[in-house]
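Q: Sharing model_35.pdb (PDB, C-alpha atoms and all ligand atoms) below.
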```pdb
ATOM      1  CA  MET A  54      86.901  86.608 229.975
ATOM      2  CA  SER A  55      87.364  89.975 228.307
ATOM      3  CA  PHE A  56      86.704  91.023 224.760
ATOM      4  CA  THR A  57      86.899  94.510 223.278
ATOM      5  CA  PHE A  58      86.273  95.711 219.758
ATOM      6  CA  GLN A  59      87.516  99.041 218.421
ATOM      7  CA  ASP A  60      86.786 100.511 215.034
ATOM      8  CA  PHE A  61      89.204 102.931 213.360
ATOM      9  CA  PRO A  62      87.222 104.321 210.433
ATOM     10  CA  ALA A  63      89.921 106.925 209.717
ATOM     11  CA  ALA A  64      92.439 104.159 209.109
ATOM     12  CA  ARG A  65      90.252 102.318 206.612
ATOM     13  CA  ASP A  66      91.292 101.444 203.090
ATOM     14  CA  ASP A  67      89.626 103.272 200.233
ATOM     15  CA  LEU A  68      88.742 100.814 197.446
ATOM     16  CA  ARG A  69      87.358 103.472 195.106
ATOM     17  CA  ALA A  70      90.322 105.867 195.355
ATOM     18  CA  ASP A  71      92.905 103.050 195.143
ATOM     19  CA  VAL A  72      91.248 101.434 192.122
ATOM     20  CA  LEU A  73      90.812 104.715 190.229
ATOM     21  CA  ALA A  74      94.455 105.623 190.893
ATOM     22  CA  GLY A  75      95.605 102.116 189.967
ATOM     23  CA  LEU A  76      93.718 102.079 186.672
ATOM     24  CA  ALA A  77      95.119 105.498 185.759
ATOM     25  CA  ALA A  78      98.701 104.312 186.387
ATOM     26  CA  HIS A  79     101.093 102.761 183.859
ATOM     27  CA  PRO A  80     101.180  99.805 184.041
ATOM     28  CA  LYS A  81      97.677  99.472 185.492
ATOM     29  CA  ALA A  82      97.691  97.877 188.958
ATOM     30  CA  ILE A  83      95.358  97.146 191.877
ATOM     31  CA  PRO A  84      96.708  96.288 195.380
ATOM     32  CA  PRO A  85      96.346  92.592 196.270
ATOM     33  CA  LYS A  86      94.621  93.360 199.580
ATOM     34  CA  TYR A  87      91.441  93.887 197.544
ATOM     35  CA  PHE A  88      91.264  90.190 196.568
ATOM     36  CA  TYR A  89      89.744  89.362 199.920
ATOM     37  CA  ASP A  90      86.036  90.071 199.756
ATOM     38  CA  GLU A  91      83.807  87.209 200.929
ATOM     39  CA  ALA A  92      84.125  85.241 197.677
ATOM     40  CA  GLY A  93      87.852  86.045 197.542
ATOM     41  CA  CYS A  94      88.411  84.639 201.052
ATOM     42  CA  ARG A  95      86.560  81.449 200.067
ATOM     43  CA  LEU A  96      88.611  81.159 196.866
ATOM     44  CA  PHE A  97      91.837  81.685 198.815
ATOM     45  CA  ASP A  98      90.868  78.834 201.169
ATOM     46  CA  ALA A  99      90.201  76.716 198.058
ATOM     47  CA  ILE A 100      93.662  77.630 196.678
ATOM     48  CA  CYS A 101      95.188  76.343 199.928
ATOM     49  CA  ALA A 102      93.493  72.975 199.294
ATOM     50  CA  GLN A 103      94.963  72.606 195.777
ATOM     51  CA  PRO A 104      97.703  69.979 195.436
ATOM     52  CA  GLU A 105     100.003  72.474 193.636
ATOM     53  CA  TYR A 106      99.738  75.152 196.353
ATOM     54  CA  ALA A 107     101.533  73.737 199.391
ATOM     55  CA  LEU A 108     102.263  77.029 201.180
ATOM     56  CA  CYS A 109      99.505  76.966 203.835
ATOM     57  CA  ARG A 110      99.761  73.220 204.528
ATOM     58  CA  THR A 111     103.551  73.418 204.780
ATOM     59  CA  GLU A 112     103.420  76.306 207.237
ATOM     60  CA  GLN A 113     100.915  74.410 209.391
ATOM     61  CA  THR A 114     103.134  71.337 209.442
ATOM     62  CA  LEU A 115     106.199  73.417 210.233
ATOM     63  CA  MET A 116     104.508  75.284 213.075
ATOM     64  CA  ALA A 117     103.060  72.124 214.618
ATOM     65  CA  ALA A 118     106.446  70.386 214.481
ATOM     66  CA  HIS A 119     108.595  73.242 215.796
ATOM     67  CA  LEU A 120     106.312  75.092 218.167
ATOM     68  CA  PRO A 121     107.935  73.754 221.350
ATOM     69  CA  ASP A 122     111.324  74.892 220.054
ATOM     70  CA  ILE A 123     109.918  78.275 218.956
ATOM     71  CA  ALA A 124     108.302  78.741 222.395
ATOM     72  CA  ALA A 125     111.553  77.842 224.173
ATOM     73  CA  THR A 126     113.533  80.320 222.064
ATOM     74  CA  LEU A 127     110.951  83.051 222.685
ATOM     75  CA  GLY A 128     110.682  82.765 226.439
ATOM     76  CA  GLU A 129     107.797  84.542 228.133
ATOM     77  CA  VAL A 130     105.286  86.471 226.022
ATOM     78  CA  ASP A 131     102.598  88.713 227.536
ATOM     79  CA  CYS A 132     100.855  89.880 224.403
ATOM     80  CA  ILE A 133     100.516  88.494 220.876
ATOM     81  CA  VAL A 134      99.646  90.996 218.134
ATOM     82  CA  GLU A 135      98.540  89.683 214.748
ATOM     83  CA  PRO A 136      98.071  92.148 211.878
ATOM     84  CA  GLY A 137      95.756  90.734 209.205
ATOM     85  CA  ALA A 138      94.457  88.035 211.556
ATOM     86  CA  GLY A 139      91.379  87.205 209.443
ATOM     87  CA  ASP A 140      89.527  84.281 211.018
ATOM     88  CA  CYS A 141      92.113  83.931 213.825
ATOM     89  CA  THR A 142      92.744  80.209 213.189
ATOM     90  CA  LYS A 143      96.537  80.407 212.950
ATOM     91  CA  VAL A 144      97.076  82.274 216.191
ATOM     92  CA  ARG A 145      95.194  79.656 218.244
ATOM     93  CA  LEU A 146      98.143  77.291 217.956
ATOM     94  CA  LEU A 147     100.392  79.995 219.449
ATOM     95  CA  LEU A 148      97.962  80.705 222.299
ATOM     96  CA  ASP A 149      98.167  77.090 223.399
ATOM     97  CA  ALA A 150     101.961  77.055 223.324
ATOM     98  CA  LEU A 151     102.758  80.531 224.670
ATOM     99  CA  ARG A 152      99.873  81.193 227.082
ATOM    100  CA  PRO A 153      99.982  85.006 226.808
ATOM    101  CA  THR A 154      97.637  87.168 228.904
ATOM    102  CA  HIS A 155      96.668  89.417 225.977
ATOM    103  CA  LEU A 156      95.834  88.933 222.314
ATOM    104  CA  THR A 157      95.354  91.839 219.896
ATOM    105  CA  VAL A 158      94.100  91.006 216.414
ATOM    106  CA  ILE A 159      93.923  93.547 213.601
ATOM    107  CA  ASP A 160      92.108  93.320 210.271
ATOM    108  CA  ILE A 161      90.397  95.551 207.719
ATOM    109  CA  ALA A 162      87.343  93.286 207.683
ATOM    110  CA  GLY A 163      85.918  94.359 211.062
ATOM    111  CA  GLY A 164      82.769  92.210 211.101
ATOM    112  CA  PRO A 165      84.370  88.807 210.500
ATOM    113  CA  LEU A 166      87.312  89.776 212.739
ATOM    114  CA  ALA A 167      85.050  90.653 215.674
ATOM    115  CA  ALA A 168      83.178  87.336 215.350
ATOM    116  CA  ALA A 169      86.397  85.311 215.133
ATOM    117  CA  ALA A 170      88.050  87.182 218.037
ATOM    118  CA  GLN A 171      84.969  86.766 220.205
ATOM    119  CA  ALA A 172      85.056  83.021 219.545
ATOM    120  CA  VAL A 173      88.727  82.950 220.621
ATOM    121  CA  SER A 174      87.767  84.864 223.748
ATOM    122  CA  ARG A 175      85.110  82.260 224.567
ATOM    123  CA  ASP A 176      87.594  79.400 224.110
ATOM    124  CA  TYR A 177      90.350  81.091 226.173
ATOM    125  CA  PRO A 178      88.577  82.515 229.235
ATOM    126  CA  GLN A 179      91.822  83.761 230.878
ATOM    127  CA  LEU A 180      92.832  85.740 227.792
ATOM    128  CA  ALA A 181      92.111  89.450 227.261
ATOM    129  CA  VAL A 182      91.207  89.726 223.577
ATOM    130  CA  ALA A 183      91.154  93.019 221.674
ATOM    131  CA  ALA A 184      89.986  93.246 218.055
ATOM    132  CA  LEU A 185      90.950  96.362 216.079
ATOM    133  CA  ALA A 186      89.214  97.058 212.765
ATOM    134  CA  MET A 187      91.731  99.003 210.718
ATOM    135  CA  ASP A 188      93.975  98.845 207.707
ATOM    136  CA  PHE A 189      97.325  98.256 209.401
ATOM    137  CA  LEU A 190      99.117  99.441 206.242
ATOM    138  CA  HIS A 191      97.391 102.755 206.653
ATOM    139  CA  ASP A 192      97.910 103.561 210.315
ATOM    140  CA  LEU A 193      99.390 100.811 212.469
ATOM    141  CA  GLU A 194     100.462 103.490 214.974
ATOM    142  CA  ALA A 195      96.781 103.836 215.976
ATOM    143  CA  ALA A 196      97.042 100.341 217.463
ATOM    144  CA  ASP A 197      99.815 101.318 219.860
ATOM    145  CA  PRO A 198      97.727 102.830 222.701
ATOM    146  CA  CYS A 199      95.569  99.672 222.614
ATOM    147  CA  LEU A 200      98.472  97.385 223.480
ATOM    148  CA  PRO A 201      99.317  96.402 227.047
ATOM    149  CA  ALA A 202     102.820  96.888 228.455
ATOM    150  CA  GLY A 203     104.981  93.789 228.721
ATOM    151  CA  ARG A 204     106.669  91.493 226.255
ATOM    152  CA  ARG A 205     104.971  91.637 222.873
ATOM    153  CA  LEU A 206     105.161  89.219 219.980
ATOM    154  CA  VAL A 207     104.130  90.393 216.529
ATOM    155  CA  TYR A 208     102.946  87.390 214.498
ATOM    156  CA  TYR A 209     102.833  87.713 210.706
ATOM    157  CA  PRO A 210     102.379  84.253 209.177
ATOM    158  CA  GLY A 211     101.409  82.981 205.739
ATOM    159  CA  SER A 212     104.009  84.755 203.582
ATOM    160  CA  SER A 213     101.799  87.840 203.511
ATOM    161  CA  ILE A 214     105.056  89.812 203.596
ATOM    162  CA  GLY A 215     105.679  88.437 200.081
ATOM    163  CA  ASN A 216     103.018  90.793 198.726
ATOM    164  CA  PHE A 217     105.315  93.765 199.369
ATOM    165  CA  ALA A 218     108.207  94.938 197.234
ATOM    166  CA  PRO A 219     111.477  95.125 199.224
ATOM    167  CA  GLU A 220     111.152  98.815 200.161
ATOM    168  CA  ALA A 221     107.554  98.483 201.326
ATOM    169  CA  ALA A 222     108.408  95.232 203.134
ATOM    170  CA  THR A 223     111.223  96.995 205.016
ATOM    171  CA  ALA A 224     108.899  99.858 205.949
ATOM    172  CA  LEU A 225     106.269  97.418 207.252
ATOM    173  CA  LEU A 226     108.872  95.437 209.231
ATOM    174  CA  ALA A 227     110.122  98.711 210.741
ATOM    175  CA  ARG A 228     106.567  99.539 211.820
ATOM    176  CA  PHE A 229     106.285  96.085 213.397
ATOM    177  CA  ARG A 230     109.574  96.874 215.190
ATOM    178  CA  ARG A 231     108.053 100.001 216.770
ATOM    179  CA  LEU A 232     104.827  98.153 217.581
ATOM    180  CA  ALA A 233     106.692  95.291 219.298
ATOM    181  CA  GLY A 234     108.674  97.644 221.543
ATOM    182  CA  ALA A 235     112.242  97.226 222.781
ATOM    183  CA  ALA A 236     111.654  93.825 224.435
ATOM    184  CA  GLY A 237     109.435  92.595 221.600
ATOM    185  CA  HIS A 238     109.741  89.810 219.051
ATOM    186  CA  LEU A 239     108.564  89.120 215.517
ATOM    187  CA  LEU A 240     107.571  85.645 214.298
ATOM    188  CA  ILE A 241     107.146  85.683 210.539
ATOM    189  CA  GLY A 242     106.542  83.067 207.843
ATOM    190  CA  PHE A 243     107.657  83.370 204.234
ATOM    191  CA  ASP A 244     107.855  81.253 201.101
ATOM    192  CA  LEU A 245     111.326  80.220 199.934
ATOM    193  CA  LYS A 246     112.894  80.384 196.498
ATOM    194  CA  LYS A 247     112.658  76.957 194.904
ATOM    195  CA  ASP A 248     112.374  75.188 191.537
ATOM    196  CA  PRO A 249     110.567  77.752 189.325
ATOM    197  CA  GLN A 250     108.397  74.946 187.882
ATOM    198  CA  ARG A 251     107.014  74.300 191.350
ATOM    199  CA  LEU A 252     106.391  77.997 191.897
ATOM    200  CA  HIS A 253     104.753  78.337 188.495
ATOM    201  CA  ALA A 254     102.440  75.383 189.152
ATOM    202  CA  ALA A 255     101.387  76.800 192.534
ATOM    203  CA  TYR A 256      99.935  79.901 190.837
ATOM    204  CA  ASN A 257      98.588  78.018 187.804
ATOM    205  CA  ASP A 258      96.701  75.149 189.452
ATOM    206  CA  ALA A 259      95.039  72.665 187.130
ATOM    207  CA  ALA A 260      91.586  73.215 188.624
ATOM    208  CA  GLY A 261      91.762  76.940 187.777
ATOM    209  CA  VAL A 262      91.104  78.130 191.327
ATOM    210  CA  THR A 263      93.900  80.732 191.273
ATOM    211  CA  ALA A 264      92.524  82.031 187.957
ATOM    212  CA  ALA A 265      89.071  82.330 189.537
ATOM    213  CA  PHE A 266      90.625  84.108 192.560
ATOM    214  CA  ASN A 267      92.377  86.619 190.289
ATOM    215  CA  LEU A 268      89.296  87.212 188.111
ATOM    216  CA  ASN A 269      87.060  87.567 191.185
ATOM    217  CA  LEU A 270      88.668  90.982 191.686
ATOM    218  CA  LEU A 271      86.840  92.160 188.549
ATOM    219  CA  ALA A 272      83.526  90.804 189.852
ATOM    220  CA  ARG A 273      84.127  92.686 193.097
ATOM    221  CA  LEU A 274      84.780  95.954 191.247
ATOM    222  CA  ASN A 275      81.634  95.413 189.171
ATOM    223  CA  ARG A 276      79.588  94.886 192.316
ATOM    224  CA  GLU A 277      81.110  97.440 194.668
ATOM    225  CA  LEU A 278      82.091 100.218 192.261
ATOM    226  CA  GLY A 279      79.469  99.729 189.557
ATOM    227  CA  ALA A 280      82.193  98.775 187.063
ATOM    228  CA  ASP A 281      81.478  96.904 183.808
ATOM    229  CA  PHE A 282      84.461  94.541 183.478
ATOM    230  CA  ASP A 283      83.741  91.548 181.222
ATOM    231  CA  ALA A 284      85.737  88.787 182.930
ATOM    232  CA  ALA A 285      85.646  86.706 179.718
ATOM    233  CA  ARG A 286      87.809  89.361 178.071
ATOM    234  CA  PHE A 287      90.639  89.042 180.618
ATOM    235  CA  ARG A 288      93.081  86.144 181.090
ATOM    236  CA  HIS A 289      94.662  85.119 184.399
ATOM    237  CA  TYR A 290      98.409  85.194 183.811
ATOM    238  CA  ALA A 291     100.914  84.290 186.550
ATOM    239  CA  PHE A 292     104.606  83.542 186.180
ATOM    240  CA  TYR A 293     107.797  83.417 188.219
ATOM    241  CA  ASN A 294     110.263  86.211 187.516
ATOM    242  CA  PRO A 295     113.595  84.819 188.758
ATOM    243  CA  VAL A 296     115.410  88.142 188.292
ATOM    244  CA  ALA A 297     113.066  89.907 190.703
ATOM    245  CA  GLY A 298     112.499  86.736 192.802
ATOM    246  CA  ARG A 299     108.741  86.978 192.659
ATOM    247  CA  ILE A 300     105.565  85.534 191.226
ATOM    248  CA  GLU A 301     103.768  88.201 189.221
ATOM    249  CA  MET A 302     100.049  87.901 188.760
ATOM    250  CA  HIS A 303      98.262  89.808 186.034
ATOM    251  CA  LEU A 304      94.943  90.037 184.225
ATOM    252  CA  VAL A 305      95.742  90.414 180.541
ATOM    253  CA  SER A 306      93.221  92.117 178.282
ATOM    254  CA  LEU A 307      92.217  89.773 175.450
ATOM    255  CA  ALA A 308      90.838  92.641 173.351
ATOM    256  CA  GLU A 309      91.020  96.356 172.890
ATOM    257  CA  GLN A 310      88.253  97.558 175.199
ATOM    258  CA  ASP A 311      86.894 100.365 177.344
ATOM    259  CA  VAL A 312      85.897  99.688 180.927
ATOM    260  CA  HIS A 313      83.854 102.022 183.107
ATOM    261  CA  VAL A 314      84.581 102.234 186.820
ATOM    262  CA  ALA A 315      82.825 104.607 189.221
ATOM    263  CA  GLY A 316      81.849 106.885 186.343
ATOM    264  CA  GLU A 317      85.314 106.991 184.753
ATOM    265  CA  CYS A 318      86.353 105.337 181.486
ATOM    266  CA  PHE A 319      89.594 103.330 181.169
ATOM    267  CA  HIS A 320      91.016 102.038 177.910
ATOM    268  CA  PHE A 321      92.743  98.651 177.665
ATOM    269  CA  ALA A 322      94.843  97.913 174.584
ATOM    270  CA  LEU A 323      94.893  94.318 173.366
ATOM    271  CA  GLY A 324      97.460  92.503 175.529
ATOM    272  CA  GLU A 325      97.655  95.270 178.122
ATOM    273  CA  THR A 326      97.925  93.971 181.674
ATOM    274  CA  LEU A 327      96.291  94.866 184.928
ATOM    275  CA  HIS A 328      98.845  93.881 187.563
ATOM    276  CA  THR A 329      97.153  92.355 190.623
ATOM    277  CA  GLU A 330      99.843  90.800 192.822
ATOM    278  CA  HIS A 331     103.509  90.316 193.544
ATOM    279  CA  SER A 332     104.404  87.329 195.685
ATOM    280  CA  TYR A 333     108.072  87.575 196.635
ATOM    281  CA  LYS A 334     110.102  84.470 197.430
ATOM    282  CA  PHE A 335     113.243  84.607 199.595
ATOM    283  CA  ARG A 336     116.252  82.655 200.748
ATOM    284  CA  CYS A 337     116.594  82.566 204.542
ATOM    285  CA  ASP A 338     119.719  84.744 204.522
ATOM    286  CA  GLU A 339     118.016  87.239 202.183
ATOM    287  CA  PHE A 340     115.044  87.603 204.460
ATOM    288  CA  SER A 341     117.025  88.031 207.680
ATOM    289  CA  ALA A 342     119.147  90.683 205.919
ATOM    290  CA  LEU A 343     115.965  92.516 204.872
ATOM    291  CA  ALA A 344     114.630  92.376 208.438
ATOM    292  CA  LEU A 345     117.977  93.591 209.780
ATOM    293  CA  THR A 346     117.597  96.812 207.779
ATOM    294  CA  ALA A 347     114.303  97.287 209.666
ATOM    295  CA  GLY A 348     116.025  96.850 213.049
ATOM    296  CA  TRP A 349     115.371  93.137 213.679
ATOM    297  CA  GLN A 350     118.035  90.667 214.864
ATOM    298  CA  LEU A 351     117.572  87.017 213.885
ATOM    299  CA  ALA A 352     116.890  84.825 216.941
ATOM    300  CA  GLY A 353     115.737  81.567 215.359
ATOM    301  CA  GLU A 354     114.954  79.924 212.050
ATOM    302  CA  TRP A 355     112.903  76.896 211.021
ATOM    303  CA  GLU A 356     112.499  75.482 207.535
ATOM    304  CA  HIS A 357     110.267  72.843 206.000
ATOM    305  CA  ASN A 358     109.621  71.821 202.404
ATOM    306  CA  GLY A 359     110.301  75.208 200.807
ATOM    307  CA  PHE A 360     108.780  77.379 203.530
ATOM    308  CA  ALA A 361     110.485  79.152 206.433
ATOM    309  CA  VAL A 362     109.615  80.799 209.732
ATOM    310  CA  GLN A 363     112.069  83.198 211.331
ATOM    311  CA  LEU A 364     112.037  84.648 214.821
ATOM    312  CA  PHE A 365     113.510  88.116 215.438
ATOM    313  CA  ARG A 366     114.207  90.236 218.467
TER     314      ARG A 366
HETATM  315  C1  LIG B   1      98.297  85.020 200.858
HETATM  316  C2  LIG B   1      99.854  86.471 199.827
HETATM  317  C3  LIG B   1     100.596  84.391 200.740
HETATM  318  O1  LIG B   1     101.189  85.167 197.625
HETATM  319  O2  LIG B   1     100.895  83.020 197.684
HETATM  320  C4  LIG B   1      97.783  82.713 196.472
HETATM  321  C5  LIG B   1      98.135  84.843 197.899
HETATM  322  N1  LIG B   1      97.846  84.587 195.420
HETATM  323  N2  LIG B   1      97.647  82.472 195.158
HETATM  324  C6  LIG B   1     100.530  84.160 197.943
HETATM  325  C7  LIG B   1      97.940  84.057 196.634
HETATM  326  C8  LIG B   1      97.657  83.605 194.528
HETATM  327  C9  LIG B   1      99.237  84.321 198.753
HETATM  328  N3  LIG B   1      99.489  85.075 200.024
END
```
Could you write out this structure as structure tokens?
Ligand code: AVJ

A:
Amino acid sequence: MSFTFQDFPAARDDLRADVLAGLAAHPKAIPPKYFYDEAGCRLFDAICAQPEYALCRTEQTLMAAHLPDIAATLGEVDCIVEPGAGDCTKVRLLLDALRPTHLTVIDIAGGPLAAAAQAVSRDYPQLAVAALAMDFLHDLEAADPCLPAGRRLVYYPGSSIGNFAPEAATALLARFRRLAGAAGHLLIGFDLKKDPQRLHAAYNDAAGVTAAFNLNLLARLNRELGADFDAARFRHYAFYNPVAGRIEMHLVSLAEQDVHVAGECFHFALGETLHTEHSYKFRCDEFSALALTAGWQLAGEWEHNGFAVQLFR
């Protein structure tokens, strides 16, 4: 059994700088990666249990059903790399099917990652597990020397790629291409374009969990940056934009108000929005074309109930 943990403090995200820059921009915006503090992670898990939000359940079903086929298409894999691995639950399924010798998991939340990776290491005694605490958007290259030689598989499930606008998505996929190496593969899950009513409902669940998830960002800024957002004066607003092919999530100011964040004052006009997330939806051919521009050739494709997983080499 081997477990290593490496911290990359230089490649860490900067909440304060990103939020101050985002609030000074027009329109105001904060990157969605900041949703996931402890409460945000719990709220995201609760979203996945809502009847309207089928994404996580559908991906699980798809992976369980098609894993033998995915494994056969992949062939031998020595190392699985998962950026944004979180609690490492999803990758366990792959470990059982692919039996790699190495697993490298990457996440900005170093503490929870280390605990989850160590638990994986205990359950898979033959596996060499490495946990890297870093913001992979910031400096994924830093992970490269930590990876063993051999056939690598980059695993990026959960439609996380949907958070990136096409240009940023291409750039990230190109970085995954370099990380995987010449003989490497990418296994990636994404949400498909579908009836806009279904998409709308998924981000406007009746129980209000997505609204709570969106508004929790303000609570986080109050706590961590000494901000004075009044959550009652912002409205969760999410809608599908079929022209851009994405869900847009906003917090709309219900009043003209001033908010103080880390010693700076920001004015919100009545009806002004703070943009918090894009969640892009794709058709299969659209996504493989996007990945092709990043150097990836489609090697396999599986679809279930409005969700897809594609394999690239
Ligand atoms: C984790 C990025 C896939 O875009 O559907 C869920 C996050 N936001 N509800 C998504 C999310 C609102 C989710 N991803």

Q: Could you tell me, counting only C-alpha atoms and all ligand atoms, which protein and nucleic acid residues lie no more than 6 Å from ligand LIG 1 (chain B), written as a PyMOL selection string?

A: chain A and resi 211-213+216+256+263+332

Q: With all atoms listed in the file counted and 7 Å as the cut-off, give the residues of region 181-262 of chain A in contact with region 125-147 of chain A, each with its shortest interatomic distance in Å and the pair that gives it, as a tab-separated table.

A:
```
residue	atom	partner	partner_atom	distance
A:Phe189	CA	A:Pro136	CA	6.6
A:Gly203	CA	A:Asp131	CA	5.7
A:Arg204	CA	A:Asp131	CA	5.1
A:Arg205	CA	A:Cys132	CA	4.7
A:Leu206	CA	A:Ile133	CA	4.8
A:Val207	CA	A:Val134	CA	4.8
A:Tyr208	CA	A:Glu135	CA	5.0
A:Tyr209	CA	A:Glu135	CA	6.2
```

Q: Please expand the PyMOL selection byres (((chain A and resi 171) around 12) and not hetatm) into the concrete residues it hits in this file, giving the result as a ChimeraX atom specification.

A: /A:54-58,140-141,156-158,163-170,172-178,180-184

Q: Please indicate the distance in Å from CA of Asp192 (chain A) to CA of Met302 (chain A), rounded to one decimal place.

A: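 CA of Met302 (chain A) lies 26.7 Å from CA of Asp192 (chain A).
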
Q: Which residue, A:Leu239, A:Val312, A:Leu245, A:Ala259, has the smallest gap to Asp338 (chain A) when you use only C-alpha atoms?

A: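 The answer is A:Leu245, which sits nearest to Asp338 (chain A).
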
Q: May I ask which of the residues A:Asp258, A:Asp71, A:Glu112, A:Asp122 is the closest one to Gly353 (chain A), counting only C-alpha atoms?

A: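 Checking each of A:Asp258, A:Asp71, A:Glu112, A:Asp122 against Gly353 (chain A), counting only C-alpha atoms, the winner is A:Asp122.
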
Q: With distances taken over all atoms listed in the file, which residue among A:Leu240, A:Ala291, A:Ala344, A:Leu73 lies nearest Leu364 (chain A)?

A: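 Checking each candidate against Leu364 (chain A), we get A:Leu240 as the closest.
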
Q: Could you check the closest approach to Asn257 (chain A) for each of A:Leu96, A:Ile300, A:Ala150, A:Ala308 and tell me which residue wins, using only C-alpha atoms?

A: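 For Asn257 (chain A), the nearest of the candidates is A:Ile300.
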
Q: Which residues, written as a VMD selection string, have at least one atom at most 8 Å from Leu232 (chain A), with only C-alpha atoms counted and residues fewer than 5 positions away on the same chain left out?

A: chain A and resid 193 to 194 197 207

Q: Would you list the residues near (90.2, 89.3, 199.1), meaning any protein, DNA or RNA residue with an atom at most 12 Å from that point in file coordinates, counting only C-alpha atoms, as a PyMOL selection string?

A: chain A and resi 68+83-98+137+139+161-162+265-274+329-330

Q: Which residues would end up in the selection if the PyMOL selection byres (((chain A and resi 285) around 10) and not hetatm) were applied here, given that I need the answer as a PyMOL selection string?

A: chain A and resi 268+282-284+286-288+306-307

Q: Can you list what the PyMOL selection byres (((chain A and resi 252) around 10) and not hetatm) grabs from this structure, as a PyMOL selection string?

A: chain A and resi 105-107+244-251+253-257+291-293+299-300+334

Q: So that I can see what lies close to Trp349 (chain A), please list as a ChimeraX atom specification the residues with an atom at most 8 Å from it, counting only C-alpha atoms and leaving out residues fewer than 5 positions away in the same chain.

A: /A:230,344,365-366

Q: Residues at most 7 Å from Leu278 (chain A), counting only C-alpha atoms, excluding those fewer than 5 positions away in the same chain, as a list in words?

A: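 Skipping anything fewer than 5 positions along the chain leaves Arg69, Val314 and Ala315 of chain A.
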
Q: Rank A:Leu323, A:Ala221, A:Met116, A:Ile100 by their smallest atom-to-atom distance to Ile241 (chain A), using all atoms listed in the file, and report the top residue only.

A: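 Closest to Ile241 (chain A) of all the choices is A:Met116.
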
Q: Hey, which of A:Asp281, A:Asp149, A:Asp160, A:Glu220 ends up closest to Glu317 (chain A)? Count all atoms listed in the file.

A: A:Asp281

Q: Around (111.3, 73.3, 212.5) in the file's own coordinates, what residues are found within 8 Å if you use only C-alpha atoms, given back as a ChimeraX atom specification?

A: /A:115-116,118-120,122,354-357

Q: Can you tell me how far CA of Ala361 (chain A) sits from CA of Leu225 (chain A), in Å to one decimal?

A: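 Here the two named atoms are 18.8 Å from each other.
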
Q: When you draw a straight line from CA of Asp66 (chain A) to CA of Met187 (chain A), how long is it in Å?

A: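 Those two atoms sit 8.0 Å apart.
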